[in-house]
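The next block holds one structure in the form of structure tokens; read it before the comments.
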Amino acid sequence: MPVNVARRLFLQQIAQSAGRVPSLNPLSFGPRILDLSNLVPPDQVENLNNRTLVVVQLSGGNDGLNTLVPHSQQAYYSNRPTLALNKSDVLQLDGDVGLHPNMTALQSLFKDNHVAVVQGAGYPNPNRSHYESMAIWQTAAPDQSYHTGWLGRYLDNAHSVDSSVSAVELDALLSPTIVGANERAMAIQSLQTFKVLPLTKATSPAVDESAIKSLDSLQCSSCQEYNNLVNALMQAGLDALTASDIVQQASANYQTSVQYPKNDFSNRLKLATKVVTSRLKPTIVYLQIGGFDTHAVQADTQANLLKTVSDGISAFYQDMDSKDKADDTLIMTFSEFGRRVKENGSKGTDHGTAEPMFLIGGRVNGGLYGTYPSLSNLDSNGDLQYTVDFRQVYTTVLQDWLGADPTQILNSQFQKLSIF
Amino acid sequence: MVGKMVDDSSRTLFIEFCVAEIDKLRRNKFQDARTEMNRRAFLKLALVTSAGAVAGYYGPELLTLANTSVQSLAGLPESDNSVPMNDDWQIPHLLRRAGFGASPDELASYENLGVTEAVNNLLNYQNIEDLSILSQPDITMSLEKKPTQDEIVNLVWWWVDRMIQSLRPLEERMTLFWHNHFATAIYKVRSPFLMYKQNQLLRNYATGNFEDLLMGITEDPAMLIWLDGARNRKAAPNENYGREIMEVFTMGVGNYTEDDVKAAARAFTGYGIDKSGNSYFNANQHDDGSKTFLGQTGNFGPKDIVNILANHPATAKTLSQKLFSYFAYDNPSNDTITRLANVYTDSNGNIGQVVSAILNSDEFWSSQSHLGQVKSPVDYVATAMRFLGATVTPKAAAYMLNNMGQLPFDPPSVFGWPSGAAWINTSTIIDRFNFPLLLQSDDGATTTTLQSDPSGDSLSRVLFPEGLPSDVLQVIQNSSNSYSDDVEKTRNLIRLTMSTPYYNLN
């Protein structure tokens, strides 16, 4: 991975205006103190596109049938003797479908027209392996024509015109979705761990500060690049040293009146607010929540997960709204597949195909999109037949939300949805 | 990540925890954690001195073991110079890949053996009496109790400590390989006891026959929970294990159909787990009807499916590829894979022979292989302690491994952990900058080294035997000189060395 000098310069610049003086050690890696022409002038930072896309990956294969419940289709009840939700318990969206009873927060946003629900999202020749199908959604390439992530390719393209575009994943490791050929997201697992600790704490803070600065120089000391792994390590180190200062400072200034639920998912959404309102201004924030692979005793597990997702996203949206950023925020959820229509013998469900996607934001035209797949016209494996190609949703997001050219990223044209 | 052991509250406490640990270290001024370090010191002694010299210090049982170890490890004539050791990267390379690094004394012992014998010694570890068999994790050895986070920490530490202490490092390397291959996580299994039992299974079969291991893991209680095998009933089969055994554990995708998944699921029906945590097979819940699987038809049960899969040519290739990537580098040539797959097939699936072929291959000893990997979090943590003869508290080890993305016993999914550059990002690199601050040393030996070598070159060479570039060393030296206290100087030197891109290579 080539060292992205432009972004590093940009980060340095904003770090400098944020109070941190980067060390210009003579041993430093050459290019980082050269070519200042690539920099976005600080006074223009505010004028950049302020929109953020927050992608929430539901890992494990979320059971779409018990998320967006097709209660008007009798086959739903005959296929799910123990798992079917009663029509009277379902949170109605229209006469035919409704949300899981635990998704009241999302239903409330839906009523305010802030939620677009895409029904029956999938792709041709569905793959039922977690790994393969997740890779298909992450690369947006069922034919394996790409091995980079679709948002990684967005970053690659966006960087060629605007080096300030950045992405952040709130986890220890990055999803393939936001790793491109040249660009990759930054990772922040938690606020608490995103901080370089001093060696001695109180006794010699000045010496410690200088020792931490030499961490910076270490990432640049040897111009002789040993191999591409050294390069990746250097880049991560430099970005981390700068970004951690920025995020810690933003966190210190952060205030909210919104009550986030007390769980790890919501903690990370709260961190997302801090990161989005920091000077990093990421265009993409990515996070995932796991546990959806409900082969056995599904009901309680999925109910808790859906409540966590619905309440967390709602709190995040309200927080962004309170900062007048609802119109700059779009949240999109997906999973690698839905689950089989017929429940198995363990009060669970096996791997399936099409699923609902949710898009939440101030500029979203709320409502239902696409048609719900028929439960009586299944494929040869007993699974739903998709009605909307998920790449139609990606196309819509890329073009109408991020202002990018979808054909450059998806390699072919897909019909947009009128979500915006 | 699909699951997380460490919950919010623990994360929030993390920084406070680290700062407190560092404070404690400062107060102790690196004073000995003698109890912790005894076995470590013993290991060094066992490797480099005659066993008699430690008789007064250690008990008779240990002495017996020490005698055996020293004899088996140093069983060759001391003057064995059959392989000249002019290249000083070979033994460090071997021990980083086939083990978890080595102290200068250990390195010297292996250097004395020569490369060929060093490889044989690592491979034939059954001949070396393992001192770490004396230790067991501090967990409840039954299914009774709801596990505490402390128990998970203890289980993790038990294994990491083995990686640091073991005289049979390849055994731990291979156990880690299988843990990643048959990736099973405590976030679903819940029981540290069952995870421990699975770890013992993986260790027992680590370099043995693959079919035996595959049958063992098929009936392993933790696996039966992890992939729902214990819920797989004749009346309504659960496909989870039937799918993953083909996709992840053996042939890989592209070699089977959805119908094969369904047939395998039926063949694996009938397993359960009793209250003591043992698995059983209930014939009443087993579907003994006819199945067609990979083109063969019969009344297949678990052993039949395992037999077909373990002996499938695609399995030979997939396992060879995975083992080669683990020890050498990614994307080997087709010729290399074919050669290794033939070793697998000709030996009826003997894993030790495949590993031997890899460690003795030209590819393993090539420049493409040398330092061509990124240290995984487990490598980063375990090698630091093994190289330096240092330790950390169990909690510090578990928390930091979790933050770096590789908590043993808790892989993210059945696909195991990522590898290579995927370990490195802005979040994990900060954990790597911070981890060295939690290291504790035993006896000030490192400080002494520093006093005799103020440039820090010797100490940094302990961690990176190939030697850091001089400009990097200069930055480290300049920084450490601004600390007046020798201990702080040392700690800064270690921290900065471990924060270089070079140390993070493997």
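Every chain in the structure tokens takes a letter, A first, then B, and so on in the order presented; its residues are numbered from 1, and the ligands are numbered from 1 following the presented order.
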
*Per-residue DSSP, region 89-129 of chain B, filtered to helix (DSSP H, G or I), as a ChimeraX atom specification*: /B:90-98,104-113,115-123,125-127

*Neighbours of region 120-130 of chain A within 6 Å (only C-alpha atoms; same-chain residues fewer than 4 positions away dropped), as a PyMOL selection string?*
chain A and resi 134+351+354-356+372-373+386-390

Could the residues in this selection be written to a file with N, CA and C atoms, as a PDB file, in the first residue's frame?
ATOM      1  N   MET A 134     -21.072 -12.730   2.517  1.00  0.00           N
ATOM      2  CA  MET A 134     -20.624 -11.453   3.084  1.00  0.00           C
ATOM      3  C   MET A 134     -19.642 -10.789   2.122  1.00  0.00           C
ATOM      4  N   HIS A 351     -29.501 -20.899   6.806  1.00  0.00           N
ATOM      5  CA  HIS A 351     -29.111 -19.805   5.911  1.00  0.00           C
ATOM      6  C   HIS A 351     -30.092 -19.651   4.745  1.00  0.00           C
ATOM      7  N   ALA A 354     -32.890 -13.518   0.382  1.00  0.00           N
ATOM      8  CA  ALA A 354     -33.228 -12.096   0.374  1.00  0.00           C
ATOM      9  C   ALA A 354     -33.586 -11.570   1.762  1.00  0.00           C
ATOM     10  N   GLU A 355     -33.443 -10.279   1.945  1.00  0.00           N
ATOM     11  CA  GLU A 355     -33.585  -9.644   3.259  1.00  0.00           C
ATOM     12  C   GLU A 355     -34.032  -8.191   3.105  1.00  0.00           C
ATOM     13  N   PRO A 356     -34.578  -7.598   4.152  1.00  0.00           N
ATOM     14  CA  PRO A 356     -34.865  -6.164   4.100  1.00  0.00           C
ATOM     15  C   PRO A 356     -33.627  -5.340   4.459  1.00  0.00           C
ATOM     16  N   TYR A 372     -42.343  -7.236  -1.445  1.00  0.00           N
ATOM     17  CA  TYR A 372     -41.942  -8.333  -0.557  1.00  0.00           C
ATOM     18  C   TYR A 372     -41.946  -9.632  -1.346  1.00  0.00           C
ATOM     19  N   PRO A 373     -40.873 -10.423  -1.283  1.00  0.00           N
ATOM     20  CA  PRO A 373     -40.855 -11.685  -2.029  1.00  0.00           C
ATOM     21  C   PRO A 373     -42.004 -12.591  -1.586  1.00  0.00           C
ATOM     22  N   TYR A 386     -35.185 -12.886  -4.578  1.00  0.00           N
ATOM     23  CA  TYR A 386     -35.013 -11.446  -4.348  1.00  0.00           C
ATOM     24  C   TYR A 386     -35.821 -10.633  -5.360  1.00  0.00           C
ATOM     25  N   THR A 387     -36.205  -9.423  -4.953  1.00  0.00           N
ATOM     26  CA  THR A 387     -36.946  -8.536  -5.863  1.00  0.00           C
ATOM     27  C   THR A 387     -36.168  -7.258  -6.166  1.00  0.00           C
ATOM     28  N   VAL A 388     -35.184  -6.907  -5.303  1.00  0.00           N
ATOM     29  CA  VAL A 388     -34.357  -5.721  -5.536  1.00  0.00           C
ATOM     30  C   VAL A 388     -32.900  -6.163  -5.453  1.00  0.00           C
ATOM     31  N   ASP A 389     -32.104  -5.853  -6.479  1.00  0.00           N
ATOM     32  CA  ASP A 389     -30.671  -6.159  -6.411  1.00  0.00           C
ATOM     33  C   ASP A 389     -30.041  -5.177  -5.418  1.00  0.00           C
ATOM     34  N   PHE A 390     -29.260  -5.698  -4.466  1.00  0.00           N
ATOM     35  CA  PHE A 390     -28.699  -4.794  -3.445  1.00  0.00           C
ATOM     36  C   PHE A 390     -27.817  -3.718  -4.064  1.00  0.00           C
TER      37      PHE A 390
END

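Distance check against Thr391 (chain B) using only C-alpha atoms: of B:Gln165, B:Gln285, B:Ser366, B:Asn434, the minimum falls on B:Gln165.
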
When you get a sec, could you note down which chain A residues fall within 7 Å of chain B, using only C-alpha atoms, as a compact mmCIF listing (two decimals) with N, CA and C atoms, in the first residue's frame?
# COMPACT_ATOMS: atom_id res chain seq x y z
N SER A 59 -23.98 -8.97 11.30
CA SER A 59 -23.20 -10.15 10.91
C SER A 59 -23.85 -11.44 11.37
N ALA A 172 -11.93 -3.17 16.23
CA ALA A 172 -10.50 -3.45 16.33
C ALA A 172 -9.90 -3.72 14.96
N LEU A 173 -10.65 -4.40 14.10
CA LEU A 173 -10.13 -4.74 12.78
C LEU A 173 -11.07 -4.21 11.71
N MET A 186 -9.62 4.25 8.66
CA MET A 186 -8.95 4.19 9.95
C MET A 186 -9.84 3.36 10.89
N ALA A 187 -9.22 2.73 11.88
CA ALA A 187 -10.01 1.97 12.85
C ALA A 187 -9.90 2.63 14.22
N ILE A 188 -11.02 2.70 14.91
CA ILE A 188 -11.03 3.17 16.30
C ILE A 188 -11.90 2.19 17.07
N GLN A 189 -11.28 1.40 17.92
CA GLN A 189 -12.08 0.40 18.63
C GLN A 189 -12.91 1.04 19.73
N GLN A 192 -11.43 4.84 24.78
CA GLN A 192 -10.49 4.58 25.88
C GLN A 192 -9.17 4.02 25.37
N THR A 193 -9.24 3.19 24.33
CA THR A 193 -8.00 2.56 23.88
C THR A 193 -7.31 3.37 22.78
N PHE A 194 -7.98 4.41 22.28
CA PHE A 194 -7.41 5.18 21.16
C PHE A 194 -6.59 6.33 21.70
N LYS A 195 -5.53 5.99 22.42
CA LYS A 195 -4.76 7.00 23.14
C LYS A 195 -3.38 6.43 23.44
N VAL A 196 -2.34 7.15 23.05
CA VAL A 196 -0.99 6.68 23.33
C VAL A 196 -0.65 7.03 24.77
N LEU A 197 -0.29 6.02 25.56
CA LEU A 197 -0.04 6.23 26.98
C LEU A 197 1.39 6.71 27.22
N LEU A 199 4.95 7.04 29.26
CA LEU A 199 5.77 6.02 29.92
C LEU A 199 5.70 6.12 31.44
N VAL A 207 9.39 14.95 29.10
CA VAL A 207 10.20 13.89 28.50
C VAL A 207 9.29 12.87 27.83
N ALA A 211 9.11 11.57 24.08
CA ALA A 211 9.25 10.15 23.73
C ALA A 211 8.12 9.72 22.79
N SER A 214 8.83 10.78 19.45
CA SER A 214 9.78 9.95 18.71
C SER A 214 9.11 8.71 18.13
N LEU A 215 7.95 8.34 18.68
CA LEU A 215 7.17 7.27 18.03
C LEU A 215 6.83 7.68 16.60
N LEU A 218 9.83 7.34 14.44
CA LEU A 218 10.15 5.95 14.15
C LEU A 218 9.41 5.45 12.93
N GLN A 219 8.21 5.98 12.74
CA GLN A 219 7.42 5.50 11.61
C GLN A 219 8.00 6.03 10.29
N SER A 221 11.59 6.84 9.99
CA SER A 221 13.03 6.97 10.05
C SER A 221 13.76 6.40 8.84
N SER A 222 13.34 5.25 8.45
CA SER A 222 14.11 4.62 7.39
C SER A 222 13.41 4.84 6.05
N LEU A 229 4.82 -4.25 3.84
CA LEU A 229 4.24 -4.34 5.18
C LEU A 229 4.77 -3.23 6.06
N VAL A 230 6.05 -2.91 5.92
CA VAL A 230 6.63 -1.80 6.68
C VAL A 230 5.88 -0.51 6.35
N LEU A 233 2.56 -0.44 8.08
CA LEU A 233 2.75 -0.19 9.51
C LEU A 233 3.04 1.28 9.76
N MET A 234 3.89 1.87 8.92
CA MET A 234 4.22 3.29 9.07
C MET A 234 2.99 4.15 8.90
N ALA A 236 -0.18 3.38 9.25
CA ALA A 236 -1.11 3.22 10.37
C ALA A 236 -0.61 3.99 11.59
N GLY A 237 0.70 3.91 11.84
CA GLY A 237 1.26 4.60 12.99
C GLY A 237 1.10 6.10 12.90
N ASP A 239 -1.05 7.88 11.00
CA ASP A 239 -2.46 8.25 11.08
C ASP A 239 -2.97 8.15 12.51
N ALA A 240 -2.55 7.10 13.19
CA ALA A 240 -3.05 6.87 14.55
C ALA A 240 -2.60 7.98 15.49
N ASN A 263 -25.12 -0.29 26.03
CA ASN A 263 -24.53 -1.52 25.48
C ASN A 263 -23.43 -1.14 24.51
N ASP A 264 -22.67 -2.13 24.11
CA ASP A 264 -21.49 -1.87 23.30
C ASP A 264 -21.84 -1.22 21.96
N ILE A 289 -22.47 -5.37 14.14
CA ILE A 289 -22.95 -6.04 15.33
C ILE A 289 -23.22 -7.49 14.92
N GLY A 290 -22.74 -8.43 15.73
CA GLY A 290 -22.83 -9.84 15.37
C GLY A 290 -23.87 -10.58 16.20
N GLY A 291 -23.99 -11.87 15.93
CA GLY A 291 -24.87 -12.72 16.72
C GLY A 291 -26.15 -13.12 16.01
N ASN A 344 -36.17 -24.63 11.29
CA ASN A 344 -35.61 -25.98 11.44
C ASN A 344 -36.09 -26.61 12.75
N GLY A 345 -35.54 -27.77 13.09
CA GLY A 345 -36.02 -28.50 14.26
C GLY A 345 -35.46 -28.00 15.57
N SER A 346 -34.62 -26.96 15.53
CA SER A 346 -34.01 -26.44 16.75
C SER A 346 -34.60 -25.08 17.14
N ASP A 350 -32.10 -21.79 9.20
CA ASP A 350 -30.84 -21.98 8.50
C ASP A 350 -30.63 -20.85 7.47

_Non-local contacts of Tyr154 (chain A) (7 Å; only C-alpha atoms; under 4 positions in same chain excluded) as a ChimeraX atom specification_ = /A:150,158,409

Please write the residues from the selection above to a file, keeping N, CA and C atoms, as a short mmCIF file (atom, residue, chain, number, x, y, z; two decimals), in the first residue's frame.
data_model
loop_
_atom_site.label_atom_id
_atom_site.label_comp_id
_atom_site.auth_asym_id
_atom_site.auth_seq_id
_atom_site.Cartn_x
_atom_site.Cartn_y
_atom_site.Cartn_z
N TRP A 150 -16.53 -2.28 -1.82
CA TRP A 150 -17.18 -1.25 -2.66
C TRP A 150 -16.93 0.14 -2.09
N ALA A 158 -12.49 8.78 -4.68
CA ALA A 158 -12.70 10.09 -4.06
C ALA A 158 -11.36 10.76 -3.76
N ILE A 409 -17.60 2.35 -9.75
CA ILE A 409 -17.38 1.57 -8.54
C ILE A 409 -18.02 0.19 -8.64
#

*For Gln392 (chain A), work out the shell of residues within 8 Å, counting only C-alpha atoms and skipping chain neighbours fewer than 4 positions away, then give it as a PyMOL selection string.*
chain A and resi 388+396+414-417

Residues from the last selection, C-alpha atoms, saved as a compact mmCIF listing (two decimals), in the first residue's frame:
# COMPACT_ATOMS: atom_id res chain seq x y z
CA VAL A 388 -34.36 -5.72 -5.54
CA THR A 396 -28.63 5.07 -5.04
CA PHE A 414 -28.24 -0.55 -11.81
CA GLN A 415 -31.57 1.19 -11.58
CA LYS A 416 -31.73 3.67 -8.74
CA LEU A 417 -34.47 3.76 -6.12

*Could you name the residues that touch Asp300 (chain A) at 12 Å or less, counting only C-alpha atoms, but leaving out those on the same chain fewer than 3 positions away, as an MDAnalysis selection string?*
chainID A and resid 66 83 100:102 291:292 294 296:297 303:307 347:348

*Give me every strand (DSSP E or B) residue in region 270-398 of chain B, going by DSSP on the backbone, as a PyMOL selection string.*
chain B and resi 271-273+279-281+291-293+296-298+350+374+391

Write out the residues from the selection above, keeping C-alpha atoms, as an mmCIF file, in the first residue's frame.
data_model
loop_
_atom_site.group_PDB
_atom_site.id
_atom_site.type_symbol
_atom_site.label_atom_id
_atom_site.label_comp_id
_atom_site.auth_asym_id
_atom_site.auth_seq_id
_atom_site.Cartn_x
_atom_site.Cartn_y
_atom_site.Cartn_z
ATOM 1 C CA TYR B 271 -25.081 -36.043 18.895
ATOM 2 C CA GLY B 272 -25.715 -34.600 22.333
ATOM 3 C CA ILE B 273 -23.819 -33.404 25.413
ATOM 4 C CA SER B 279 -20.590 -35.841 24.116
ATOM 5 C CA TYR B 280 -22.681 -38.894 23.268
ATOM 6 C CA PHE B 281 -24.333 -40.343 20.187
ATOM 7 C CA LYS B 291 -27.795 -40.439 1.553
ATOM 8 C CA THR B 292 -26.012 -39.365 -1.568
ATOM 9 C CA PHE B 293 -22.909 -37.401 -0.664
ATOM 10 C CA GLN B 296 -21.412 -41.699 -3.274
ATOM 11 C CA THR B 297 -24.540 -43.315 -1.869
ATOM 12 C CA GLY B 298 -24.862 -45.177 1.405
ATOM 13 C CA ASN B 350 -0.093 -37.069 8.475
ATOM 14 C CA VAL B 374 3.099 -9.210 10.161
ATOM 15 C CA THR B 391 6.009 -11.120 31.777
#

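For Ile331 (chain A), the residues within 8 Å (counting only C-alpha atoms, excluding itself and residues fewer than 2 positions away along the chain) are Leu53, Val54, Val55, Val56, Ile313, Thr329, Thr333, Phe358, Leu359, Ile360 and Gly361 of chain A.
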
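CA of Pro408 (chain B) sits 9.1 Å away from CA of Trp157 (chain B).
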
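Among B:Ser191, B:Asn311, B:Thr257, B:Asn124, the residue with the shortest atom-to-atom distance to Gln353 (chain B), counting only C-alpha atoms, is B:Asn124.
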
*Name all residues at most 12 Å from Pro192 (chain B) (count only C-alpha atoms; drop same-chain ones fewer than 2 positions away) and give them as a VMD selection string.*
chain B and resid 137 to 156 158 184 to 190 194 to 199 221 to 222 277 408 to 410
